[in-house]
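Since the structure comes first, as structure tokens, the remarks are kept for the end.
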Amino acid sequence: QVQLVESGGGSVQAGGSLRLSCAADGYTYSFYWMGWFRQAPGKEREGVVVISPSDGNTVYADSVKGRFTISRHNGKNTIYLQMNSLKPEDTAMYYCAAAHNEIYSSDYFSPTTYNYWGQGTQVTVSS
């Protein structure tokens, strides 16, 4: 059974930084895509950034470009999210996601595209 385990959330003041990690367990092959989504109370889950573990291609949401950086551990289904210059509007539950099939570019940030999800880690940014 595949499990995605996130860690690294917490509370910071605006302008601060956090680093999230996501490690997959129980999946022998490389995922086609992995990424981070977030969901704030009362809002829909939205894509933040995704990465292709095989070649490192990335796609960022406009709201986080230049502030967040996704990376991967080569050869392992493990990804990281370095979040800098955090803003109060970044406050949300952050979820790791993984897809075991190729994805159309139009679906990179569609939650229904992904097959596996972590339990989520809370990020809170105070002003």
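Within each chain, counting starts at residue 1; across the structure tokens, chains are named A, B, ... in the order shown, with ligands numbered 1 upward in that order.
By chain and then residue number, the residues within 10 Å of Tyr80 in chain A are Glu6, Ser7, Gly8, Arg19, Leu20, Ser21, Cys22, Ala23, Gly35, Trp36, Thr69, Ile70, Ser71, Arg72, His73 and Cys96 of chain A, counting only C-alpha atoms and disregarding those fewer than 6 positions away in sequence.
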Residues from the last selection, all heavy atoms, saved as a compact mmCIF listing (two decimals), in the first residue's frame:
```txt
# COMPACT_ATOMS: atom_id res chain seq x y z
N GLU A 6 4.13 13.45 4.88
CA GLU A 6 4.65 14.82 4.88
C GLU A 6 5.19 15.17 6.25
O GLU A 6 4.75 14.63 7.27
CB GLU A 6 3.56 15.84 4.52
CG GLU A 6 2.87 15.61 3.20
CD GLU A 6 1.44 15.20 3.38
OE1 GLU A 6 1.15 14.58 4.42
OE2 GLU A 6 0.61 15.49 2.50
N SER A 7 6.10 16.14 6.25
CA SER A 7 6.61 16.69 7.51
C SER A 7 7.11 18.10 7.24
O SER A 7 7.33 18.48 6.08
CB SER A 7 7.72 15.82 8.07
OG SER A 7 8.81 15.76 7.17
N GLY A 8 7.27 18.87 8.31
CA GLY A 8 7.90 20.17 8.18
C GLY A 8 7.00 21.37 8.31
O GLY A 8 7.46 22.50 8.24
N ARG A 19 10.30 24.53 5.40
CA ARG A 19 10.65 23.50 4.41
C ARG A 19 9.81 22.27 4.69
O ARG A 19 9.83 21.73 5.79
CB ARG A 19 12.13 23.16 4.49
CG ARG A 19 12.60 22.20 3.40
CD ARG A 19 14.10 22.06 3.46
NE ARG A 19 14.66 21.30 2.34
CZ ARG A 19 15.17 20.09 2.44
NH1 ARG A 19 15.19 19.48 3.62
NH2 ARG A 19 15.68 19.47 1.39
N LEU A 20 9.08 21.85 3.68
CA LEU A 20 8.26 20.66 3.77
C LEU A 20 8.95 19.49 3.07
O LEU A 20 9.67 19.69 2.08
CB LEU A 20 6.89 20.89 3.13
CG LEU A 20 6.09 22.10 3.59
CD1 LEU A 20 4.72 22.11 2.89
CD2 LEU A 20 5.92 22.12 5.09
N SER A 21 8.70 18.31 3.58
CA SER A 21 9.22 17.09 2.95
C SER A 21 8.08 16.11 2.73
O SER A 21 7.10 16.10 3.48
CB SER A 21 10.27 16.43 3.86
OG SER A 21 11.35 17.28 4.10
N CYS A 22 8.24 15.30 1.71
CA CYS A 22 7.25 14.26 1.42
C CYS A 22 8.00 13.02 0.96
O CYS A 22 8.72 13.07 -0.04
CB CYS A 22 6.27 14.71 0.35
SG CYS A 22 5.17 13.39 -0.22
N ALA A 23 7.81 11.94 1.66
CA ALA A 23 8.45 10.68 1.30
C ALA A 23 7.39 9.63 1.01
O ALA A 23 6.43 9.48 1.78
CB ALA A 23 9.34 10.21 2.44
N GLY A 35 3.81 16.42 -6.30
CA GLY A 35 3.67 17.85 -6.09
C GLY A 35 3.00 18.19 -4.78
O GLY A 35 2.72 17.34 -3.94
N TRP A 36 2.78 19.47 -4.64
CA TRP A 36 2.17 20.03 -3.44
C TRP A 36 0.90 20.79 -3.80
O TRP A 36 0.88 21.59 -4.75
CB TRP A 36 3.14 20.98 -2.74
CG TRP A 36 4.35 20.28 -2.21
CD1 TRP A 36 5.56 20.13 -2.82
CD2 TRP A 36 4.46 19.60 -0.95
NE1 TRP A 36 6.42 19.42 -2.02
CE2 TRP A 36 5.75 19.08 -0.86
CE3 TRP A 36 3.58 19.40 0.13
CZ2 TRP A 36 6.21 18.36 0.25
CZ3 TRP A 36 4.03 18.69 1.22
CH2 TRP A 36 5.32 18.18 1.28
N THR A 69 10.33 26.84 -3.79
CA THR A 69 11.16 26.01 -4.65
C THR A 69 10.93 24.54 -4.33
O THR A 69 11.07 24.13 -3.17
CB THR A 69 12.65 26.33 -4.46
OG1 THR A 69 12.88 27.72 -4.72
CG2 THR A 69 13.50 25.51 -5.42
N ILE A 70 10.60 23.78 -5.35
CA ILE A 70 10.42 22.34 -5.18
C ILE A 70 11.70 21.64 -5.64
O ILE A 70 12.38 22.09 -6.57
CB ILE A 70 9.20 21.83 -5.96
CG1 ILE A 70 8.86 20.38 -5.55
CG2 ILE A 70 9.42 21.93 -7.47
CD1 ILE A 70 7.53 19.89 -6.10
N SER A 71 12.04 20.57 -4.96
CA SER A 71 13.19 19.77 -5.36
C SER A 71 12.89 18.31 -5.09
O SER A 71 11.91 17.97 -4.43
CB SER A 71 14.45 20.22 -4.61
OG SER A 71 14.27 20.09 -3.22
N ARG A 72 13.76 17.45 -5.59
CA ARG A 72 13.53 16.02 -5.43
C ARG A 72 14.82 15.34 -4.99
O ARG A 72 15.92 15.85 -5.21
CB ARG A 72 13.05 15.40 -6.74
CG ARG A 72 14.14 15.27 -7.81
CD ARG A 72 13.57 15.09 -9.18
NE ARG A 72 14.52 14.61 -10.16
CZ ARG A 72 15.41 15.37 -10.79
NH1 ARG A 72 15.52 16.64 -10.49
NH2 ARG A 72 16.20 14.83 -11.72
N HIS A 73 14.67 14.20 -4.39
CA HIS A 73 15.81 13.37 -4.04
C HIS A 73 15.98 12.37 -5.18
O HIS A 73 15.11 11.53 -5.39
CB HIS A 73 15.55 12.65 -2.72
CG HIS A 73 16.73 11.92 -2.18
ND1 HIS A 73 17.02 11.87 -0.85
CD2 HIS A 73 17.70 11.21 -2.80
CE1 HIS A 73 18.11 11.16 -0.66
NE2 HIS A 73 18.53 10.74 -1.83
N CYS A 96 0.87 16.59 0.01
CA CYS A 96 1.71 15.99 -1.01
C CYS A 96 0.85 15.07 -1.87
O CYS A 96 -0.05 14.39 -1.34
CB CYS A 96 2.83 15.19 -0.34
SG CYS A 96 3.93 14.33 -1.46
```
Rank nothing, just name the residue among A:Val64, A:Val50, A:Met34, A:Ala99 nearest to Leu86 in chain A, using only C-alpha atoms.
A:Val64
Within 9 Å of Arg67 in chain A using only C-alpha atoms, minus same-chain residues under 4 positions, as a short mmCIF file (atom, residue, chain, number, x, y, z; two decimals) with N, CA, C and O atoms, in the first residue's frame:
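File produced: selection_32.cif:
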```cif
data_model
loop_
_atom_site.label_atom_id
_atom_site.label_comp_id
_atom_site.auth_asym_id
_atom_site.auth_seq_id
_atom_site.Cartn_x
_atom_site.Cartn_y
_atom_site.Cartn_z
N SER A 63 1.11 32.29 -7.92
CA SER A 63 1.10 32.89 -6.58
C SER A 63 2.35 32.59 -5.77
O SER A 63 2.63 33.26 -4.78
N GLN A 82 10.72 24.19 -0.40
CA GLN A 82 11.30 25.30 0.36
C GLN A 82 10.42 26.52 0.14
O GLN A 82 10.24 26.97 -0.99
N MET A 83 9.89 27.03 1.22
CA MET A 83 8.97 28.17 1.15
C MET A 83 9.62 29.37 1.83
O MET A 83 9.86 29.34 3.04
N ASN A 84 9.89 30.39 1.06
CA ASN A 84 10.49 31.62 1.57
C ASN A 84 9.53 32.79 1.42
O ASN A 84 8.55 32.70 0.66
N SER A 85 9.81 33.86 2.10
CA SER A 85 8.98 35.07 2.01
C SER A 85 7.51 34.73 2.19
O SER A 85 6.65 35.18 1.42
N LEU A 86 7.23 33.95 3.19
CA LEU A 86 5.85 33.50 3.40
C LEU A 86 4.92 34.65 3.72
O LEU A 86 5.32 35.64 4.38
#
```
Please provide as a ChimeraX atom specification all residues within 12 Å of Ala98 in chain A, with the sequence filter that same-chain residues fewer than 4 positions apart are discarded (counting only C-alpha atoms).
/A:2-5,22-25,27,29-37,49-53,77-79,102-103,108-118
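Candidate residues A:Thr91, A:Thr28, A:Ser105, A:Ser11 were compared for distance to Ala40 in chain A, and the nearest is A:Thr91, using only C-alpha atoms.
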Could you check how far CA of Tyr60 in chain A sits from CA of Tyr95 in chain A, in Å to one decimal?
15.1 Å
Run DSSP on the backbone and grab whatever in chain A lands in strand (DSSP E or B); send it over as a PyMOL selection string.
chain A and resi 3-7+10-13+18-25+33-39+46-51+58-60+68-72+78-83+92-99+116-118+121-126
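In terms of minimum interatomic distance to Gly16 in chain A, A:Phe68 ranks closest within A:Tyr104, A:Phe68, A:Gly120, A:Gly42, counting only C-alpha atoms.
Between CA of Ser17 in chain A and CA of Tyr94 in chain A the separation is 14.5 Å.
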Met93 in chain A: which residues within 6 Å, counting only C-alpha atoms, same-chain residues fewer than 3 positions away excluded, as a list in words?
Arg38, Gln39, Gly120, Thr121 and Gln122 of chain A
Could you dump the residues just selected with all heavy atoms as a PDB file, in the first residue's frame?
```pdb
ATOM      1  N   ARG A  38      -2.529  22.795  -1.658  1.00  0.00           N
ATOM      2  CA  ARG A  38      -2.891  23.375  -0.369  1.00  0.00           C
ATOM      3  C   ARG A  38      -4.371  23.681  -0.341  1.00  0.00           C
ATOM      4  O   ARG A  38      -5.003  23.890  -1.386  1.00  0.00           O
ATOM      5  CB  ARG A  38      -2.067  24.627  -0.068  1.00  0.00           C
ATOM      6  CG  ARG A  38      -2.325  25.801  -1.003  1.00  0.00           C
ATOM      7  CD  ARG A  38      -1.340  26.929  -0.716  1.00  0.00           C
ATOM      8  NE  ARG A  38      -1.562  28.092  -1.568  1.00  0.00           N
ATOM      9  CZ  ARG A  38      -0.767  29.154  -1.600  1.00  0.00           C
ATOM     10  NH1 ARG A  38       0.321  29.198  -0.830  1.00  0.00           N
ATOM     11  NH2 ARG A  38      -1.046  30.159  -2.392  1.00  0.00           N
ATOM     12  N   GLN A  39      -4.883  23.706   0.868  1.00  0.00           N
ATOM     13  CA  GLN A  39      -6.301  23.994   1.042  1.00  0.00           C
ATOM     14  C   GLN A  39      -6.491  24.803   2.306  1.00  0.00           C
ATOM     15  O   GLN A  39      -6.156  24.356   3.404  1.00  0.00           O
ATOM     16  CB  GLN A  39      -7.117  22.706   1.107  1.00  0.00           C
ATOM     17  CG  GLN A  39      -8.610  22.919   1.087  1.00  0.00           C
ATOM     18  CD  GLN A  39      -9.380  21.646   0.845  1.00  0.00           C
ATOM     19  OE1 GLN A  39      -8.857  20.534   1.001  1.00  0.00           O
ATOM     20  NE2 GLN A  39     -10.631  21.762   0.430  1.00  0.00           N
ATOM     21  N   GLY A 120      -1.430  15.518   5.029  1.00  0.00           N
ATOM     22  CA  GLY A 120      -1.418  16.961   5.139  1.00  0.00           C
ATOM     23  C   GLY A 120      -0.572  17.454   6.300  1.00  0.00           C
ATOM     24  O   GLY A 120      -0.441  16.781   7.322  1.00  0.00           O
ATOM     25  N   THR A 121      -0.002  18.634   6.119  1.00  0.00           N
ATOM     26  CA  THR A 121       0.755  19.292   7.187  1.00  0.00           C
ATOM     27  C   THR A 121       0.371  20.768   7.199  1.00  0.00           C
ATOM     28  O   THR A 121       0.299  21.410   6.145  1.00  0.00           O
ATOM     29  CB  THR A 121       2.271  19.091   6.993  1.00  0.00           C
ATOM     30  OG1 THR A 121       2.980  19.652   8.105  1.00  0.00           O
ATOM     31  CG2 THR A 121       2.789  19.728   5.710  1.00  0.00           C
ATOM     32  N   GLN A 122       0.101  21.290   8.370  1.00  0.00           N
ATOM     33  CA  GLN A 122      -0.416  22.652   8.502  1.00  0.00           C
ATOM     34  C   GLN A 122       0.708  23.680   8.428  1.00  0.00           C
ATOM     35  O   GLN A 122       1.741  23.545   9.084  1.00  0.00           O
ATOM     36  CB  GLN A 122      -1.172  22.816   9.819  1.00  0.00           C
ATOM     37  CG  GLN A 122      -1.738  24.201  10.057  1.00  0.00           C
ATOM     38  CD  GLN A 122      -2.850  24.567   9.100  1.00  0.00           C
ATOM     39  OE1 GLN A 122      -3.664  23.719   8.728  1.00  0.00           O
ATOM     40  NE2 GLN A 122      -2.897  25.829   8.688  1.00  0.00           N
TER      41      GLN A 122
END
```
Given only C-alpha atoms as the basis, pick out the residue of A:Val48, A:Val125, A:Leu81, A:Ala14 nearest to Lys65 in chain A.
A:Val48
